[in-house]
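Raw contents of final_15.txt, compact mmCIF, C-alpha atoms:
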# COMPACT_ATOMS: atom_id res chain seq x y z
CA MET I 1 12.90 19.46 6.82
CA LYS I 2 11.19 16.11 7.41
CA ARG I 3 12.84 14.67 4.30
CA LEU I 4 16.25 15.91 5.50
CA THR I 5 15.63 14.36 8.89
CA HIS I 6 14.61 11.17 7.14
CA TRP I 7 17.86 10.86 5.22
CA ILE I 8 19.87 11.47 8.39
CA HIS I 9 17.92 8.63 9.99
CA VAL I 10 18.48 6.46 6.93
CA THR I 11 22.24 6.95 7.04
CA ILE I 12 22.51 6.20 10.75
CA ILE I 13 20.31 3.14 10.64
CA ALA I 14 21.98 1.80 7.51
CA LEU I 15 25.36 2.00 9.28
CA PHE I 16 24.07 -0.03 12.23
CA GLY I 17 22.52 -2.96 10.43
CA MET I 18 19.48 -2.12 8.39
CA MET I 19 20.87 -4.43 5.74
CA LEU I 20 19.79 -7.36 7.89
CA PHE I 21 16.12 -6.86 7.05
CA MET I 22 14.34 -9.60 5.12
CA SER I 23 10.85 -8.68 3.91
CA CYS I 24 10.02 -12.12 2.49
CA SER I 25 11.15 -15.54 3.60
CA ASN I 26 14.56 -16.62 2.30
CA ARG I 27 14.58 -18.63 -0.87
CA ASP I 28 16.99 -21.28 -2.04
CA ASN I 29 19.81 -19.20 -3.47
CA SER I 30 21.42 -21.92 -5.52
CA GLY I 31 21.52 -20.80 -9.11
CA SER I 32 19.33 -17.72 -8.42
CA PRO I 33 20.22 -14.02 -8.23
CA GLN I 34 21.52 -12.76 -4.90
CA GLU I 35 18.69 -11.82 -2.57
CA TYR I 36 18.25 -8.10 -1.91
CA THR I 37 18.54 -7.52 1.85
CA GLY I 38 18.61 -3.75 2.05
CA MET I 39 16.07 -1.24 3.22
CA PRO I 40 12.54 -2.03 1.99
CA LEU I 41 11.75 -0.05 -1.16
CA VAL I 42 7.97 0.31 -1.24
CA ILE I 43 5.38 1.29 -3.84
CA LEU I 44 1.88 1.74 -2.42
CA ASP I 45 -0.98 0.88 -4.81
CA THR I 46 -4.19 2.19 -3.27
CA ASP I 47 -7.87 2.75 -4.04
CA ILE I 48 -7.78 5.86 -1.86
CA GLY I 49 -11.02 7.85 -1.82
CA SER I 50 -13.42 5.35 -0.27
CA SER I 51 -12.13 3.66 2.89
CA THR I 52 -10.09 5.22 5.65
CA ASP I 53 -7.70 2.32 6.19
CA ASP I 54 -5.85 3.43 3.02
CA LEU I 55 -5.10 6.74 4.77
CA PHE I 56 -3.48 5.01 7.73
CA ALA I 57 -1.48 2.72 5.44
CA LEU I 58 -0.09 5.79 3.68
CA GLU I 59 0.53 7.68 6.92
CA MET I 60 2.44 4.72 8.34
CA LEU I 61 4.69 4.57 5.29
CA TYR I 62 5.59 8.23 5.85
CA ARG I 63 6.37 7.47 9.49
CA TYR I 64 8.39 4.39 8.63
CA GLU I 65 10.42 6.40 6.13
CA GLU I 66 11.09 9.15 8.67
CA GLN I 67 12.39 6.47 11.03
CA GLY I 68 14.69 5.12 8.33
CA LEU I 69 12.83 1.82 8.06
CA CYS I 70 11.81 2.04 4.41
CA ARG I 71 11.84 4.27 1.37
CA LEU I 72 8.47 5.15 -0.18
CA LEU I 73 9.18 5.20 -3.91
CA GLY I 74 5.74 6.31 -5.06
CA VAL I 75 1.97 6.06 -4.72
CA VAL I 76 -0.19 4.55 -7.46
CA VAL I 77 -3.85 5.61 -7.23
CA ASP I 78 -5.96 2.85 -8.73
CA ARG I 79 -9.35 4.53 -8.24
CA GLU I 80 -10.25 6.71 -11.21
CA GLY I 81 -10.67 10.46 -10.80
CA GLU I 82 -8.28 13.34 -10.28
CA GLN I 83 -9.93 14.09 -6.93
CA ASN I 84 -8.33 10.91 -5.58
CA ALA I 85 -4.89 12.02 -6.78
CA VAL I 86 -5.60 15.40 -5.15
CA PHE I 87 -6.25 13.76 -1.80
CA THR I 88 -3.06 11.73 -2.14
CA ASP I 89 -1.17 14.95 -2.89
CA VAL I 90 -2.71 16.60 0.19
CA MET I 91 -1.53 13.66 2.30
CA ASN I 92 1.98 13.72 0.80
CA THR I 93 2.28 17.47 1.30
CA TYR I 94 0.82 17.60 4.80
CA PHE I 95 3.16 14.92 6.09
CA GLY I 96 6.22 16.50 4.47
CA HIS I 97 6.58 14.05 1.59
CA GLY I 98 5.42 16.21 -1.28
CA ASP I 99 8.16 14.87 -3.53
CA VAL I 100 6.75 11.33 -3.51
CA PRO I 101 5.53 10.77 -7.09
CA ILE I 102 1.90 9.93 -7.80
CA GLY I 103 0.46 7.86 -10.64
CA LEU I 104 -3.25 7.79 -11.49
CA VAL I 105 -5.26 5.07 -13.16
CA ARG I 106 -7.01 6.04 -16.37
CA GLU I 107 -9.30 3.58 -18.17
CA GLY I 108 -9.80 1.69 -14.93
CA ILE I 109 -12.93 0.44 -13.14
CA ASP I 110 -16.09 2.42 -13.88
CA ASN I 111 -17.89 3.70 -10.76
CA PRO I 112 -16.64 1.27 -8.12
CA VAL I 113 -18.28 1.31 -4.71
CA VAL I 114 -17.44 4.33 -2.54
CA TRP I 115 -17.98 3.64 1.16
CA ILE I 116 -16.95 7.04 2.53
CA ASP I 117 -16.67 9.98 0.12
CA TYR I 118 -13.96 12.08 1.77
CA ALA I 119 -12.54 13.73 -1.38
CA PRO I 120 -14.12 17.13 -0.48
CA VAL I 121 -11.88 17.35 2.60
CA ALA I 122 -9.00 18.26 0.28
CA ASP I 123 -10.80 21.51 -0.59
CA MET I 124 -11.75 22.58 2.92
CA LEU I 125 -11.11 26.15 4.02
CA ASP I 126 -9.87 27.36 7.36
CA GLY I 127 -11.47 30.04 9.54
CA ASN I 128 -9.91 32.76 7.39
CA GLY I 129 -11.31 31.40 4.15
CA GLN I 130 -7.92 30.02 3.07
CA PRO I 131 -7.24 26.45 1.98
CA MET I 132 -6.78 24.27 5.04
CA PHE I 133 -4.44 21.92 3.20
CA HIS I 134 -1.62 22.71 0.81
CA ARG I 135 -0.69 20.76 -2.31
CA THR I 136 2.47 20.11 -4.27
CA VAL I 137 1.16 19.13 -7.71
CA THR I 138 -0.04 22.05 -9.84
CA ASP I 139 -1.64 20.17 -12.74
CA TYR I 140 -3.05 16.71 -12.04
CA SER I 141 -3.67 16.07 -15.73
CA THR I 142 0.09 15.77 -16.15
CA LEU I 143 0.41 12.88 -13.69
CA PRO I 144 1.56 9.68 -15.35
CA ASP I 145 -0.73 6.72 -15.67
CA GLY I 146 -0.19 4.34 -12.77
CA TRP I 147 1.36 1.63 -14.95
CA GLN I 148 3.79 4.17 -16.42
CA LEU I 149 4.88 5.28 -12.94
CA TYR I 150 5.45 1.63 -12.06
CA ARG I 151 7.73 1.21 -15.05
CA ARG I 152 9.67 4.38 -14.27
CA LEU I 153 10.18 3.47 -10.63
CA LEU I 154 10.95 -0.22 -11.10
CA ALA I 155 13.48 0.33 -13.86
CA THR I 156 15.83 2.32 -11.62
CA GLN I 157 15.81 0.01 -8.58
CA PRO I 158 18.16 -2.89 -7.74
CA ASP I 159 17.07 -6.30 -8.93
CA HIS I 160 14.61 -8.14 -6.66
CA SER I 161 14.38 -5.16 -4.31
CA VAL I 162 10.91 -3.59 -4.55
CA SER I 163 8.01 -4.46 -2.26
CA ILE I 164 4.61 -3.55 -3.69
CA VAL I 165 1.79 -2.98 -1.21
CA CYS I 166 -1.55 -3.30 -3.00
CA THR I 167 -4.51 -2.25 -0.86
CA GLY I 168 -7.14 -1.79 -3.56
CA PHE I 169 -7.79 -2.87 -7.11
CA VAL I 170 -5.29 -4.41 -9.52
CA THR I 171 -6.05 -2.16 -12.49
CA CYS I 172 -2.64 -0.49 -12.79
CA LEU I 173 -0.85 -3.73 -12.02
CA ALA I 174 -2.72 -5.49 -14.83
CA GLN I 175 -1.83 -2.64 -17.19
CA LEU I 176 1.79 -2.83 -16.07
CA LEU I 177 1.95 -6.55 -16.84
CA GLN I 178 0.47 -5.90 -20.29
CA SER I 179 3.02 -3.19 -21.10
CA GLY I 180 5.92 -3.47 -23.51
CA GLY I 181 9.40 -2.03 -23.45
CA ASP I 182 9.75 1.74 -23.43
CA GLU I 183 12.15 4.56 -22.61
CA TYR I 184 12.46 3.30 -19.03
CA SER I 185 13.29 -0.34 -19.76
CA PRO I 186 13.43 -2.63 -22.78
CA LEU I 187 11.75 -5.35 -20.68
CA ASN I 188 8.05 -6.01 -21.01
CA GLY I 189 5.92 -5.66 -17.91
CA VAL I 190 6.07 -9.29 -16.83
CA GLU I 191 9.86 -9.45 -17.13
CA LEU I 192 10.29 -6.07 -15.44
CA VAL I 193 8.29 -7.32 -12.44
CA ARG I 194 10.22 -10.58 -12.41
CA ARG I 195 13.51 -8.67 -12.45
CA LYS I 196 12.76 -5.90 -9.95
CA VAL I 197 10.02 -6.99 -7.52
CA LYS I 198 10.91 -8.91 -4.39
CA CYS I 199 7.41 -9.44 -3.03
CA ILE I 200 3.89 -8.09 -3.40
CA TYR I 201 1.69 -7.73 -0.31
CA MET I 202 -2.01 -7.62 -1.13
CA GLN I 203 -5.06 -6.81 0.93
CA GLY I 204 -7.54 -9.35 -0.33
CA GLY I 205 -8.28 -13.00 -0.88
CA VAL I 206 -10.75 -15.38 0.74
CA PHE I 207 -9.18 -18.57 2.10
CA GLY I 208 -10.05 -21.51 4.29
CA GLU I 209 -13.33 -23.35 3.86
CA ALA I 210 -15.20 -20.39 2.39
CA GLU I 211 -15.34 -20.14 -1.39
CA GLU I 212 -16.57 -16.69 -2.23
CA PRO I 213 -15.36 -13.86 -4.45
CA ASP I 214 -12.92 -11.32 -3.10
CA PHE I 215 -14.55 -7.88 -3.07
CA ASN I 216 -11.64 -5.84 -4.44
CA PHE I 217 -10.92 -8.29 -7.24
CA ALA I 218 -14.58 -8.72 -8.19
CA GLN I 219 -15.00 -4.95 -8.60
CA GLY I 220 -12.87 -5.30 -11.72
CA ALA I 221 -12.97 -8.99 -12.57
CA ASP I 222 -11.42 -8.58 -16.02
CA PHE I 223 -8.46 -6.69 -14.56
CA ALA I 224 -8.09 -9.33 -11.85
CA GLN I 225 -8.05 -12.15 -14.38
CA GLU I 226 -5.43 -10.32 -16.43
CA PHE I 227 -3.31 -9.62 -13.36
CA PHE I 228 -3.34 -13.12 -11.91
CA SER I 229 -2.83 -14.81 -15.29
CA ARG I 230 0.26 -12.70 -16.03
CA TRP I 231 1.87 -12.28 -12.61
CA PRO I 232 5.19 -14.18 -12.63
CA THR I 233 4.64 -17.09 -10.28
CA ASP I 234 8.27 -17.04 -9.11
CA VAL I 235 7.73 -13.65 -7.43
CA ASP I 236 6.38 -13.95 -3.89
CA MET I 237 2.82 -12.84 -3.14
CA VAL I 238 1.43 -12.51 0.40
CA PHE I 239 -2.28 -11.92 0.95
CA SER I 240 -3.85 -10.18 3.90
CA PRO I 241 -7.48 -11.36 3.87
CA MET I 242 -10.18 -9.31 5.53
CA GLU I 243 -10.15 -11.33 8.74
CA ALA I 244 -6.50 -10.43 9.38
CA GLY I 245 -7.42 -6.81 10.12
CA GLN I 246 -11.05 -7.29 11.08
CA THR I 247 -10.48 -7.05 14.84
CA VAL I 248 -8.09 -4.08 14.61
CA ASP I 249 -10.78 -1.50 15.26
CA TYR I 250 -9.56 2.10 15.41
CA LYS I 251 -12.70 3.85 16.58
CA PRO I 252 -13.58 7.35 15.30
CA GLU I 253 -13.40 8.91 18.75
CA GLN I 254 -9.92 7.45 19.22
CA VAL I 255 -8.73 8.79 15.85
CA ILE I 256 -10.01 12.28 16.64
CA GLY I 257 -8.66 12.23 20.19
CA ASP I 258 -5.23 10.99 19.15
CA VAL I 259 -4.68 14.09 16.99
CA SER I 260 -5.21 16.47 19.89
CA TRP I 261 -2.93 19.31 18.78
CA THR I 262 -4.87 20.49 15.71
CA ASP I 263 -8.04 20.15 13.69
CA ALA I 264 -6.15 20.95 10.46
CA HIS I 265 -5.14 17.34 9.91
CA PRO I 266 -6.47 15.53 6.81
CA ILE I 267 -7.28 12.23 8.50
CA LYS I 268 -8.83 13.95 11.52
CA GLN I 269 -11.00 16.08 9.24
CA VAL I 270 -12.18 12.98 7.40
CA TYR I 271 -13.28 11.52 10.74
CA MET I 272 -14.80 14.79 11.95
CA THR I 273 -16.83 15.57 8.84
CA CYS I 274 -17.46 12.45 6.76
CA GLY I 275 -19.38 10.06 9.00
CA CYS I 276 -16.70 7.42 9.43
CA ASP I 277 -18.52 5.24 11.97
CA THR I 278 -19.21 2.67 9.26
CA GLY I 279 -17.38 -0.35 10.61
CA GLN I 280 -14.08 0.51 8.99
CA ARG I 281 -11.24 -1.66 10.22
CA MET I 282 -7.51 -1.42 9.63
CA TRP I 283 -7.41 -4.02 6.84
CA ASP I 284 -5.03 -2.10 4.57
CA VAL I 285 -2.52 -1.51 7.34
CA MET I 286 -1.76 -5.22 7.74
CA PRO I 287 0.08 -5.75 4.41
CA THR I 288 1.80 -2.39 4.91
CA VAL I 289 3.25 -3.40 8.27
CA GLN I 290 4.45 -6.74 6.93
CA ALA I 291 6.10 -5.14 3.90
CA VAL I 292 8.23 -2.93 6.16
CA GLU I 293 8.63 -4.81 9.43
CA GLY I 294 8.79 -8.32 8.02
CA ASP I 295 7.10 -11.64 8.67
CA ASN I 296 7.77 -12.04 12.39
CA LEU I 297 4.75 -10.01 13.51
CA PHE I 298 2.37 -12.30 11.63
CA THR I 299 1.21 -15.88 11.54
CA LEU I 300 1.39 -17.02 7.94
CA SER I 301 0.01 -19.96 6.03
CA GLU I 302 2.26 -22.54 4.49
CA ARG I 303 3.42 -21.83 0.97
CA GLY I 304 1.19 -22.79 -1.91
CA THR I 305 -0.13 -22.07 -5.38
CA LEU I 306 -3.10 -19.88 -6.29
CA THR I 307 -5.97 -20.22 -8.71
CA VAL I 308 -8.39 -17.33 -9.25
CA THR I 309 -11.69 -18.23 -10.89
CA PRO I 310 -13.54 -15.96 -13.33
CA GLU I 311 -15.81 -15.04 -10.40
CA CYS I 312 -12.68 -13.97 -8.41
CA VAL I 313 -12.76 -16.83 -5.93
CA THR I 314 -9.21 -17.36 -4.65
CA ILE I 315 -8.31 -21.05 -4.35
CA PHE I 316 -5.13 -21.81 -2.41
CA THR I 317 -3.39 -25.17 -2.78
CA PRO I 318 -0.51 -26.00 -0.39
CA SER I 319 2.81 -26.59 -2.12
CA ALA I 320 6.30 -26.43 -0.65
CA THR I 321 7.56 -24.80 -3.85
CA GLY I 322 4.72 -22.29 -4.15
CA HIS I 323 5.22 -18.55 -3.95
CA PHE I 324 1.89 -17.64 -2.35
CA ARG I 325 1.08 -17.26 1.36
CA TYR I 326 -1.57 -15.48 3.39
CA GLN I 327 -1.85 -13.93 6.83
CA ILE I 328 -3.84 -15.78 9.48
CA ALA I 329 -5.90 -13.71 11.91
CA GLY I 330 -4.25 -13.15 15.28
CA ASP I 331 -5.79 -13.27 18.75
CA SER I 332 -7.08 -10.34 20.78
CA ALA I 333 -3.66 -9.54 22.23
CA TRP I 334 -2.17 -9.39 18.73
CA SER I 335 -4.99 -7.11 17.57
CA SER I 336 -4.41 -4.78 20.52
CA THR I 337 -0.70 -4.62 19.74
CA MET I 338 -1.41 -3.75 16.10
CA LEU I 339 -3.94 -1.08 17.06
CA GLU I 340 -1.49 0.51 19.48
CA LYS I 341 1.15 0.58 16.75
CA ILE I 342 -1.21 2.48 14.42
CA ARG I 343 -2.30 4.86 17.17
CA THR I 344 1.30 5.59 18.13
CA PHE I 345 2.15 6.50 14.55
CA ASN I 346 -0.95 8.69 14.28
CA LYS I 347 -0.07 10.64 17.42
CA ILE I 348 3.25 11.89 16.00
CA HIS I 349 3.31 15.59 15.12
Before we go any further, please render this structure as structure tokens.
Amino acid sequence: MKRLTHWIHVTIIALFGMMLFMSCSNRDNSGSPQEYTGMPLVILDTDIGSSTDDLFALEMLYRYEEQGLCRLLGVVVDREGEQNAVFTDVMNTYFGHGDVPIGLVREGIDNPVVWIDYAPVADMLDGNGQPMFHRTVTDYSTLPDGWQLYRRLLATQPDHSVSIVCTGFVTCLAQLLQSGGDEYSPLNGVELVRRKVKCIYMQGGVFGEAEEPDFNFAQGADFAQEFFSRWPTDVDMVFSPMEAGQTVDYKPEQVIGDVSWTDAHPIKQVYMTCGCDTGQRMWDVMPTVQAVEGDNLFTLSERGTLTVTPECVTIFTPSATGHFRYQIAGDSAWSSTMLEKIRTFNKIH
């Protein structure tokens, strides 16, 4: 029913001007393909299974889609382990988006840091001894590799139309860029990205005077080097460094209180049972919001070029012709506005 409601919303909003949306700044169109200006088509690439901000990023994409503001094409899980695909499936199913395809990284990063192990919530039972949360996928071993799902999804979309939101590692993205032509497209991974992707929004990067490795990239430095060396530099990339979401603090008691109508809610159960008072902030939500709602809610750096060292230090060099930008942390009023946006979405039932 939610998906039906979504498509009704999509039709109405499309008729009244959704085509005006621009998810990245306009480029010089002379001699280049026509810019895609339709509804944002989003792929979420997430290291779900460790931090709770991934859960809110995913929940907000469901809500945006139900409001006709984007279409969620798929979710790529870049943290190894079927339990992480299971939790993604529980989220999809609970929020009425069980048909959103899932890809899972295989041969990714071995034993990355887990801050909050909430995978067991997917297997919780209710008071009658029945599963608290339903699932859609019946055999997780049949899920495609993340890079394969990327190829399948990208191949069928309009040129320069897809916004990738990457809130975790870059394992599947590196594997995508290494891929060759297949049944989905004769293009190799680099050319497929160049043809189909409009912009990638990434949680990560360390900019300004500090020169230190980015945590997500350094967890899999070889993958990061492969990704950044192959990413087509004429495709826009916007970073959301940690400081952009650092002051957007959605406290555990607020999360639990905002879902007042039930305890059988996957995010609420994570906060009720998994000890989430660990300083989690809404870092991963920031690139998600920008991918859907556009640039106007954010203060952005000037354009520039990017160098990533073998130690995963991100070095930004201003350049008017560069395709890289990053979010700059907002003030307290901006942080309060962002927090209220997340809370409003989380209160919907």
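Closest approach to Phe298 of chain I among I:Thr136, I:Gln34, I:Gln269, I:Gln327 is made by I:Gln327 (distances from all atoms listed in the file).
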Exercise on segment 82-100 of chain I, axis-aligned box with 4 Å per side, report centre and edge lengths in Å to one decimal, as AutoDock Vina command-line options:
--center_x -0.9 --center_y 14.3 --center_z -2.1 --size_x 26.1 --size_y 14.7 --size_z 24.4
Counting only C-alpha atoms, which of I:Gly96, I:Pro287, I:Gly146, I:Pro318 gets nearest to Glu302 of chain I?
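So, comparing all the options, the nearest one is I:Pro318.
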What is the distance between atom CA of Ala244 of chain I and atom CA of Ile328 of chain I, in Å to one decimal?
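Atom CA of Ile328 of chain I lies at a distance of 6.0 Å from atom CA of Ala244 of chain I.
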Need the shell around Thr288 of chain I: protein/DNA/RNA residues with any atom at most 7 Å away, counting all atoms listed in the file. Skip same-chain ones fewer than 3 positions apart. Format as a list in words?
Ala57, Val165, Asp284, Val285, Ala291 and Val292 of chain I
